[in-house]
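Below is the file run.csv, which contains CSV, C-alpha atoms and all ligand atoms.
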```csv
chain,number,residue,atom,x,y,z
O,1,MET,CA,79.8,-47.2,20.4
O,2,ASP,CA,81.5,-46.8,23.7
O,3,HIS,CA,84.6,-44.6,23.7
O,4,PHE,CA,87.9,-46.0,24.8
O,5,PRO,CA,89.8,-43.7,27.1
O,6,TRP,CA,92.9,-43.5,24.8
O,7,TRP,CA,90.9,-42.2,21.8
O,8,THR,CA,91.5,-38.6,20.8
O,9,ASP,CA,88.7,-36.0,21.0
O,10,ALA,CA,88.5,-36.1,17.2
O,11,GLN,CA,88.0,-39.9,17.3
O,12,LYS,CA,85.4,-39.6,20.0
O,13,LYS,CA,83.5,-37.1,18.0
O,14,LEU,CA,83.9,-39.2,14.9
O,15,ALA,CA,82.4,-42.2,16.7
O,16,ASP,CA,79.4,-40.2,17.9
O,17,ASP,CA,78.8,-38.7,14.5
O,18,ALA,CA,79.2,-42.0,12.7
O,19,LYS,CA,76.8,-43.8,15.1
O,20,LYS,CA,74.1,-41.2,14.6
O,21,TYR,CA,74.5,-41.1,10.9
O,22,VAL,CA,74.5,-44.8,10.5
O,23,ASP,CA,71.4,-45.2,12.7
O,24,GLU,CA,69.4,-42.4,11.0
O,25,VAL,CA,70.6,-42.4,7.4
O,26,LEU,CA,72.6,-45.5,6.3
O,27,ILE,CA,70.7,-48.3,7.9
O,28,PRO,CA,67.4,-47.4,6.1
O,29,ILE,CA,69.4,-47.1,2.8
O,30,GLY,CA,71.1,-50.4,3.4
O,31,GLU,CA,67.8,-52.2,4.1
O,32,ARG,CA,66.1,-50.7,1.1
O,33,ALA,CA,69.0,-51.7,-1.2
O,34,ALA,CA,69.1,-55.3,0.3
O,35,TRP,CA,65.3,-55.8,-0.3
O,36,LYS,CA,65.6,-54.4,-3.8
O,37,LYS,CA,68.8,-56.4,-4.5
O,38,GLN,CA,70.5,-53.2,-5.6
O,39,PHE,CA,74.0,-51.9,-5.0
O,40,PRO,CA,73.7,-49.2,-2.3
O,41,TRP,CA,75.1,-46.3,-4.4
O,42,GLU,CA,73.1,-43.8,-2.4
O,43,GLY,CA,74.9,-44.7,0.8
O,44,ILE,CA,78.3,-44.9,-0.9
O,45,LYS,CA,77.8,-41.3,-2.2
O,46,LEU,CA,76.8,-40.0,1.3
O,47,MET,CA,79.7,-41.7,3.0
O,48,ALA,CA,82.0,-40.2,0.3
O,49,LYS,CA,80.6,-36.7,1.1
O,50,ARG,CA,81.5,-37.2,4.8
O,51,GLY,CA,85.1,-37.9,3.8
O,52,TRP,CA,85.0,-41.5,5.1
O,53,PHE,CA,86.8,-43.0,2.1
O,54,GLY,CA,89.7,-40.8,3.0
O,55,ALA,CA,90.2,-42.0,6.6
O,56,LEU,CA,93.6,-43.4,5.8
O,57,VAL,CA,94.7,-40.8,3.3
O,58,PRO,CA,96.9,-37.9,4.6
O,59,ALA,CA,95.4,-34.4,4.6
O,60,LYS,CA,97.8,-33.2,1.8
O,61,TYR,CA,96.1,-35.6,-0.5
O,62,GLY,CA,92.6,-34.7,0.6
O,63,GLY,CA,92.1,-37.2,3.5
O,64,HIS,CA,91.7,-37.3,7.2
O,65,PHE,CA,94.5,-39.6,8.3
O,66,GLU,CA,96.2,-37.2,10.8
O,67,GLU,CA,92.8,-36.4,12.4
O,68,TRP,CA,91.3,-39.9,12.5
O,69,GLY,CA,94.1,-42.4,12.0
O,70,VAL,CA,93.8,-46.2,11.7
O,71,THR,CA,91.6,-46.1,14.9
O,72,GLY,CA,89.2,-43.7,13.2
O,73,ALA,CA,89.1,-45.8,10.0
O,74,THR,CA,88.1,-48.8,12.2
O,75,ILE,CA,85.5,-46.8,14.1
O,76,ILE,CA,83.9,-45.9,10.8
O,77,LEU,CA,84.0,-49.5,9.5
O,78,GLU,CA,82.5,-50.9,12.7
O,79,GLU,CA,79.6,-48.4,12.6
O,80,VAL,CA,79.0,-48.8,8.8
O,81,ALA,CA,79.0,-52.6,9.2
O,82,ARG,CA,75.6,-52.3,10.8
O,83,ALA,CA,74.2,-50.8,7.6
O,84,ASP,CA,74.4,-53.9,5.4
O,85,SER,CA,76.8,-54.5,2.5
O,86,MET,CA,78.1,-50.9,1.8
O,87,VAL,CA,80.8,-51.5,4.5
O,88,ILE,CA,82.5,-54.0,2.1
O,89,SER,CA,83.1,-51.4,-0.6
O,90,LEU,CA,84.2,-48.8,2.0
O,91,ALA,CA,86.7,-51.3,3.5
O,92,CYS,CA,88.1,-52.5,0.2
O,93,SER,CA,88.5,-49.0,-1.0
O,94,MET,CA,90.2,-47.9,2.2
O,95,TYR,CA,92.6,-50.9,2.4
O,96,GLY,CA,93.0,-51.8,-1.2
O,97,GLY,CA,95.9,-49.8,-2.3
O,98,VAL,CA,96.2,-46.7,-0.1
O,99,HIS,CA,99.1,-48.2,1.9
O,100,GLN,CA,100.9,-49.4,-1.2
O,101,ILE,CA,100.5,-46.2,-3.1
O,102,LEU,CA,101.6,-44.1,-0.1
O,103,HIS,CA,104.6,-46.2,0.8
O,104,ASP,CA,105.8,-47.6,-2.5
O,105,GLY,CA,104.3,-45.3,-5.1
O,106,THR,CA,105.9,-42.3,-6.7
O,107,GLU,CA,104.8,-38.8,-5.8
O,108,GLU,CA,103.2,-38.5,-9.2
O,109,GLN,CA,101.2,-41.7,-8.5
O,110,ARG,CA,100.2,-40.4,-5.0
O,111,GLN,CA,98.9,-37.2,-6.5
O,112,ARG,CA,97.1,-39.0,-9.2
O,113,TRP,CA,95.3,-41.6,-7.1
O,114,LEU,CA,95.0,-40.6,-3.4
O,115,PRO,CA,92.7,-37.5,-3.8
O,116,LYS,CA,90.3,-39.6,-5.9
O,117,ILE,CA,90.4,-42.4,-3.3
O,118,ALA,CA,89.8,-39.9,-0.5
O,119,SER,CA,86.9,-38.3,-2.2
O,120,GLY,CA,85.3,-41.7,-3.0
O,121,GLU,CA,85.5,-40.9,-6.8
O,122,GLU,CA,87.6,-44.0,-7.3
O,123,MET,CA,86.2,-46.9,-5.4
O,124,GLY,CA,88.6,-49.8,-4.9
O,125,SER,CA,88.6,-53.5,-4.9
O,126,ILE,CA,91.3,-55.9,-3.6
O,127,THR,CA,92.1,-58.5,-6.3
O,128,MET,CA,94.2,-61.2,-4.8
O,129,THR,CA,92.4,-64.6,-4.5
O,130,GLU,CA,92.5,-67.0,-7.4
O,131,PRO,CA,90.8,-70.3,-8.2
O,132,TYR,CA,93.8,-72.3,-6.8
O,133,THR,CA,95.2,-69.7,-4.5
O,134,GLY,CA,93.6,-68.5,-1.3
O,135,SER,CA,95.3,-68.3,2.1
O,136,ASP,CA,98.7,-69.0,0.4
O,137,ALA,CA,98.8,-65.7,-1.5
O,138,ALA,CA,102.5,-66.3,-2.3
O,139,ALA,CA,101.4,-69.0,-4.7
O,140,ILE,CA,99.6,-66.5,-6.9
O,141,GLU,CA,99.6,-67.8,-10.5
O,142,ALA,CA,98.4,-64.8,-12.5
O,143,THR,CA,101.3,-63.3,-14.3
O,144,ALA,CA,102.4,-59.8,-15.5
O,145,VAL,CA,105.2,-59.9,-18.0
O,146,ARG,CA,106.9,-56.7,-19.1
O,147,ASP,CA,106.6,-55.8,-22.7
O,148,GLY,CA,108.3,-52.4,-23.4
O,149,ASP,CA,106.3,-49.8,-21.5
O,150,ALA,CA,103.4,-52.2,-20.8
O,151,TYR,CA,102.7,-55.4,-19.0
O,152,ILE,CA,100.9,-58.4,-20.5
O,153,ILE,CA,98.8,-59.9,-17.9
O,154,ASN,CA,97.3,-63.4,-17.8
O,155,GLY,CA,95.3,-65.3,-15.1
O,156,LYS,CA,92.1,-65.7,-13.2
O,157,LYS,CA,90.8,-64.1,-10.0
O,158,ARG,CA,87.8,-64.9,-7.9
O,159,PHE,CA,85.9,-63.7,-4.7
O,160,GLN,CA,86.6,-60.0,-5.4
O,161,ASN,CA,84.3,-58.0,-3.1
O,162,GLY,CA,82.6,-55.1,-4.9
O,163,SER,CA,84.6,-55.6,-8.1
O,164,SER,CA,81.7,-54.8,-10.4
O,165,ALA,CA,81.0,-51.5,-8.7
O,166,ALA,CA,84.7,-50.5,-8.2
O,167,SER,CA,86.7,-48.5,-10.7
O,168,ARG,CA,90.2,-49.2,-9.2
O,169,TYR,CA,91.8,-52.6,-8.6
O,170,MET,CA,94.7,-53.4,-6.4
O,171,THR,CA,95.7,-56.6,-8.2
O,172,TYR,CA,98.5,-59.0,-7.3
O,173,PHE,CA,100.5,-60.7,-10.0
O,174,ARG,CA,103.5,-63.0,-10.3
O,175,THR,CA,106.3,-61.1,-11.9
O,176,SER,CA,109.3,-63.4,-11.3
O,177,ASN,CA,109.9,-67.2,-11.0
O,178,LYS,CA,113.5,-66.8,-9.8
O,179,PRO,CA,114.1,-68.8,-6.6
O,180,GLU,CA,116.0,-65.9,-5.0
O,181,ASP,CA,113.0,-63.7,-5.5
O,182,LYS,CA,110.6,-66.3,-4.2
O,183,ALA,CA,112.7,-66.8,-1.1
O,184,LYS,CA,112.3,-63.1,-0.2
O,185,TYR,CA,108.6,-62.9,-1.4
O,186,ARG,CA,109.8,-60.5,-4.1
O,187,HIS,CA,108.2,-62.5,-6.9
O,188,LEU,CA,104.8,-60.7,-6.6
O,189,THR,CA,103.9,-57.2,-7.7
O,190,ALA,CA,100.8,-55.3,-6.8
O,191,SER,CA,99.4,-53.0,-9.4
O,192,SER,CA,96.7,-50.3,-9.1
O,193,SER,CA,94.8,-50.1,-12.3
O,194,ARG,CA,91.5,-48.7,-13.7
O,195,LYS,CA,89.2,-51.3,-15.2
O,196,ALA,CA,90.4,-54.8,-14.7
O,197,PRO,CA,90.1,-56.8,-17.9
O,198,TRP,CA,88.2,-59.7,-16.3
O,199,ILE,CA,85.4,-57.4,-15.0
O,200,HIS,CA,82.4,-57.0,-17.1
O,201,GLY,CA,79.6,-54.6,-16.1
O,301,LIG,C1,82.6,-63.4,1.0
O,301,LIG,C2,84.0,-63.4,0.6
O,301,LIG,C3,84.6,-62.3,0.1
O,301,LIG,C4,85.9,-62.3,-0.3
O,301,LIG,N1,86.5,-61.1,-0.8
O,301,LIG,C5,87.7,-61.1,-1.3
O,301,LIG,C6,88.3,-59.9,-1.9
O,301,LIG,O1,87.7,-58.9,-1.9
O,301,LIG,N2,89.5,-60.0,-2.5
O,301,LIG,C7,90.2,-61.2,-2.5
O,301,LIG,O2,91.3,-61.2,-3.0
O,301,LIG,N3,89.8,-62.3,-1.9
O,301,LIG,C8,88.5,-62.3,-1.3
O,301,LIG,N4,88.0,-63.4,-0.7
O,301,LIG,C9,88.8,-64.6,-0.7
O,301,LIG,C10,89.3,-65.0,0.7
O,301,LIG,O3,90.3,-64.1,1.1
O,301,LIG,C11,89.8,-66.4,0.5
O,301,LIG,O4,88.6,-67.2,0.6
O,301,LIG,C12,90.7,-66.8,1.6
O,301,LIG,O5,92.0,-66.3,1.3
O,301,LIG,C13,90.8,-68.4,1.8
O,301,LIG,O6,91.1,-68.9,0.5
O,301,LIG,P1,90.4,-70.2,0.0
O,301,LIG,O7,88.9,-70.0,0.1
O,301,LIG,O8,91.0,-70.6,-1.3
O,301,LIG,O9,90.7,-71.4,1.1
O,301,LIG,P2,92.1,-72.1,1.3
O,301,LIG,O10,93.3,-71.2,1.3
O,301,LIG,O11,92.2,-73.2,0.2
O,301,LIG,O12,91.9,-72.8,2.7
O,301,LIG,C14,91.1,-73.9,2.9
O,301,LIG,C15,91.1,-74.3,4.3
O,301,LIG,O13,92.5,-74.7,4.7
O,301,LIG,C16,92.9,-73.9,5.8
O,301,LIG,N5,94.3,-73.5,5.7
O,301,LIG,C17,94.8,-72.9,4.6
O,301,LIG,N6,96.2,-72.7,4.8
O,301,LIG,C18,96.5,-73.3,6.0
O,301,LIG,C19,97.7,-73.5,6.7
O,301,LIG,N7,98.9,-73.0,6.3
O,301,LIG,N8,97.6,-74.1,7.9
O,301,LIG,C20,96.4,-74.5,8.4
O,301,LIG,N9,95.2,-74.4,7.8
O,301,LIG,C21,95.3,-73.8,6.6
O,301,LIG,C22,92.0,-72.6,5.8
O,301,LIG,O14,91.9,-72.1,7.2
O,301,LIG,C23,90.7,-73.2,5.3
O,301,LIG,O15,90.0,-73.8,6.4
O,301,LIG,C24,86.7,-63.5,-0.3
O,301,LIG,C25,86.1,-64.6,0.2
O,301,LIG,C26,84.8,-64.6,0.6
O,301,LIG,C27,84.2,-65.9,1.1
```

Now that the file is in, can you turn its structure into structure tokens?
Amino acid sequence: MDHFPWWTDAQKKLADDAKKYVDEVLIPIGERAAWKKQFPWEGIKLMAKRGWFGALVPAKYGGHFEEWGVTGATIILEEVARADSMVISLACSMYGGVHQILHDGTEEQRQRWLPKIASGEEMGSITMTEPYTGSDAAAIEATAVRDGDAYIINGKKRFQNGSSAASRYMTYFRTSNKPEDKAKYRHLTASSSRKAPWIHG
């Protein structure tokens, strides 16, 4: 990958390392997995060891955000995209929840989730699309209704990349039908959870 002049030295080094690693290690793994119709766990584990799942996670939670930033995350994804389907799980894990937990989560939630996301121990999936709701995400029909300390959830989701392999789901629910909430797009809530009830396997 050509370097852009505004990249930092760390990002240039990351780009060179990622290109070499993808060429030499991940492409053969991706090809083998595709021919055997297997999930590329071997590649996922190797990417996790290199810290790539933590590209967007700050260093205090075990990631590399200050060093690589969003540009670094994109460099990694562009390189890994050449190695077949493992890029999907990497991208969904990076983007599915890190921002929400960092900006809207409590400190307890950040400490609980982010180090495991950064290490690749908790692989994520983005659970938004439904049978009757695609581009218009504000029309999500799945509901989460508060019941004491818990939420009762009902609904269907589809097209969730890597969801059978993931262990963490950033899922979007409707939590209000009030017109004033809908007007401000406050009628939806995203929830990070372990196993999603509609996933089997
Ligand atoms: C391979 C794959 C992987 C996916 N992975 C995930 C995932 O991991 N998580 C997840 O939540 N979802 C995932 N999706 C779902 C994807 O995000 C949706 O398919 C997408 O949001 C479009 O929704 P839809 O297919 O229902 O189409 P619709 O929203 O029904 O759109 C149908 C058509 O209408 C057009 N259209 C829609 N709205 C407008 C508008 N306002 N103005 C003009 N044209 C419009 C669209 O461009 C499209 O051509 C995945 C989909 C695919 C195919």

Closest to ligand LIG 301 (chain O) among O:Glu141, O:Ser119, O:Ala91, O:Gly155, using all atoms listed in the file?
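Smallest distance to ligand LIG 301 (chain O) is found for O:Ala91.
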
Report the closest atom pair, with its distance in Å rounded to one decimal, for each residue of chain O that has an atom no farther than 7 Å from ligand LIG 301 (chain O); count only C-alpha atoms and all ligand atoms, sort by chain and then rising residue number, and write it as a Markdown table.
```
| residue | atom | partner | partner_atom | distance |
| --- | --- | --- | --- | --- |
| O:Cys92 | CA | O:LIG301 | O1 | 6.7 |
| O:Ser125 | CA | O:LIG301 | O1 | 6.2 |
| O:Ile126 | CA | O:LIG301 | N2 | 4.6 |
| O:Thr127 | CA | O:LIG301 | O2 | 4.3 |
| O:Met128 | CA | O:LIG301 | O2 | 3.4 |
| O:Thr129 | CA | O:LIG301 | O2 | 3.9 |
| O:Pro131 | CA | O:LIG301 | O8 | 6.9 |
| O:Tyr132 | CA | O:LIG301 | O8 | 6.4 |
| O:Thr133 | CA | O:LIG301 | O8 | 5.4 |
| O:Gly134 | CA | O:LIG301 | O6 | 3.1 |
| O:Ser135 | CA | O:LIG301 | O10 | 3.6 |
| O:Asp136 | CA | O:LIG301 | O10 | 5.9 |
| O:Arg158 | CA | O:LIG301 | N3 | 6.8 |
| O:Phe159 | CA | O:LIG301 | C24 | 4.5 |
| O:Gln160 | CA | O:LIG301 | O1 | 3.8 |
| O:Asn161 | CA | O:LIG301 | O1 | 3.7 |
```

Applying 10 Å and all atoms listed in the file, which residues near Leu114 (chain O) remain after dropping the ones on its own chain fewer than 2 positions away? List them as a list of chain:residue names.
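Once the nearby chain positions are removed, what remains is O:Gly54, O:Leu56, O:Val57, O:Pro58, O:Lys60, O:Tyr61, O:Gly62, O:Gly63, O:Gly97, O:Val98, O:Ile101, O:Leu102, O:Gln109, O:Arg110, O:Gln111, O:Arg112, O:Lys116, O:Ile117, O:Ala118, O:Ser119, O:Gly120, O:Glu122.
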
Selection above as a file: C-alpha atoms, as a PDB file, keeping the file's coordinate frame:
```pdb
ATOM      1  CA  GLY O  54      89.700 -40.800   3.000  1.00  0.00           C
ATOM      2  CA  LEU O  56      93.600 -43.400   5.800  1.00  0.00           C
ATOM      3  CA  VAL O  57      94.700 -40.800   3.300  1.00  0.00           C
ATOM      4  CA  PRO O  58      96.900 -37.900   4.600  1.00  0.00           C
ATOM      5  CA  LYS O  60      97.800 -33.200   1.800  1.00  0.00           C
ATOM      6  CA  TYR O  61      96.100 -35.600  -0.500  1.00  0.00           C
ATOM      7  CA  GLY O  62      92.600 -34.700   0.600  1.00  0.00           C
ATOM      8  CA  GLY O  63      92.100 -37.200   3.500  1.00  0.00           C
ATOM      9  CA  GLY O  97      95.900 -49.800  -2.300  1.00  0.00           C
ATOM     10  CA  VAL O  98      96.200 -46.700  -0.100  1.00  0.00           C
ATOM     11  CA  ILE O 101     100.500 -46.200  -3.100  1.00  0.00           C
ATOM     12  CA  LEU O 102     101.600 -44.100  -0.100  1.00  0.00           C
ATOM     13  CA  GLN O 109     101.200 -41.700  -8.500  1.00  0.00           C
ATOM     14  CA  ARG O 110     100.200 -40.400  -5.000  1.00  0.00           C
ATOM     15  CA  GLN O 111      98.900 -37.200  -6.500  1.00  0.00           C
ATOM     16  CA  ARG O 112      97.100 -39.000  -9.200  1.00  0.00           C
ATOM     17  CA  LYS O 116      90.300 -39.600  -5.900  1.00  0.00           C
ATOM     18  CA  ILE O 117      90.400 -42.400  -3.300  1.00  0.00           C
ATOM     19  CA  ALA O 118      89.800 -39.900  -0.500  1.00  0.00           C
ATOM     20  CA  SER O 119      86.900 -38.300  -2.200  1.00  0.00           C
ATOM     21  CA  GLY O 120      85.300 -41.700  -3.000  1.00  0.00           C
ATOM     22  CA  GLU O 122      87.600 -44.000  -7.300  1.00  0.00           C
TER      23      GLU O 122
END
```

Report as a PyMOL selection string all protein, DNA and RNA residues lying within 12 Å of Trp41 (chain O), evaluated on all atoms listed in the file, omitting residues in the same chain fewer than 2 positions from it.
chain O and resi 26+29-30+32-34+37-39+43-48+85-87+89-90+120-121+123+162+165-166

Those residues with C-alpha atoms, as a compact mmCIF listing (two decimals), in the frame of the given file please?
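Everything below was put into again-v3.txt:
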```
# COMPACT_ATOMS: atom_id res chain seq x y z
CA LEU O 26 72.60 -45.50 6.30
CA ILE O 29 69.40 -47.10 2.80
CA GLY O 30 71.10 -50.40 3.40
CA ARG O 32 66.10 -50.70 1.10
CA ALA O 33 69.00 -51.70 -1.20
CA ALA O 34 69.10 -55.30 0.30
CA LYS O 37 68.80 -56.40 -4.50
CA GLN O 38 70.50 -53.20 -5.60
CA PHE O 39 74.00 -51.90 -5.00
CA GLY O 43 74.90 -44.70 0.80
CA ILE O 44 78.30 -44.90 -0.90
CA LYS O 45 77.80 -41.30 -2.20
CA LEU O 46 76.80 -40.00 1.30
CA MET O 47 79.70 -41.70 3.00
CA ALA O 48 82.00 -40.20 0.30
CA SER O 85 76.80 -54.50 2.50
CA MET O 86 78.10 -50.90 1.80
CA VAL O 87 80.80 -51.50 4.50
CA SER O 89 83.10 -51.40 -0.60
CA LEU O 90 84.20 -48.80 2.00
CA GLY O 120 85.30 -41.70 -3.00
CA GLU O 121 85.50 -40.90 -6.80
CA MET O 123 86.20 -46.90 -5.40
CA GLY O 162 82.60 -55.10 -4.90
CA ALA O 165 81.00 -51.50 -8.70
CA ALA O 166 84.70 -50.50 -8.20
```

Residue contacts of Ala73 (chain O) (12 Å, only C-alpha atoms) excluding same-chain residues fewer than 2 positions away, as an MDAnalysis selection string
chainID O and resid 11 14:15 18 51:57 63:71 75:80 87 90:95

Determine the nearest neighbour of Arg174 (chain O) from the options O:Ser192, O:Ala144, O:Asn154, O:Gly124, counting only C-alpha atoms.
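Distance minimum relative to Arg174 (chain O) lands on O:Ala144.
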
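Atom to atom, CA of Thr175 (chain O) and CA of His99 (chain O) stand 20.2 Å apart.
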
I need the residue nearest Glu130 (chain O) from this list: O:Glu107, O:Ile27, O:Thr189, O:Lys157. Use only C-alpha atoms for the distance.
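Of O:Glu107, O:Ile27, O:Thr189, O:Lys157, the one nearest Glu130 (chain O) is O:Lys157, counting only C-alpha atoms.
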
Spatial neighbours of Lys12 (chain O), 10 Å, only C-alpha atoms, chain gap at least 6 places, as an MDAnalysis selection string
chainID O and resid 1:6 18 68 72 75

What gap, in Å, lies between CA of Asp23 (chain O) and CA of Asp9 (chain O)?
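We find that CA of Asp23 (chain O) and CA of Asp9 (chain O) lie 21.3 Å from each other.
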
Go ahead and compute the interatomic distance for CA of Glu42 (chain O) and CA of Ala81 (chain O), in Å to one decimal.
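Interatomic distance here is 15.7 Å.
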
Counting only C-alpha atoms, the option among O:Ala59, O:Ile140, O:Ala183, O:Val25 closest to Ala83 (chain O):
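Of all the options, O:Val25 lies closest to Ala83 (chain O).
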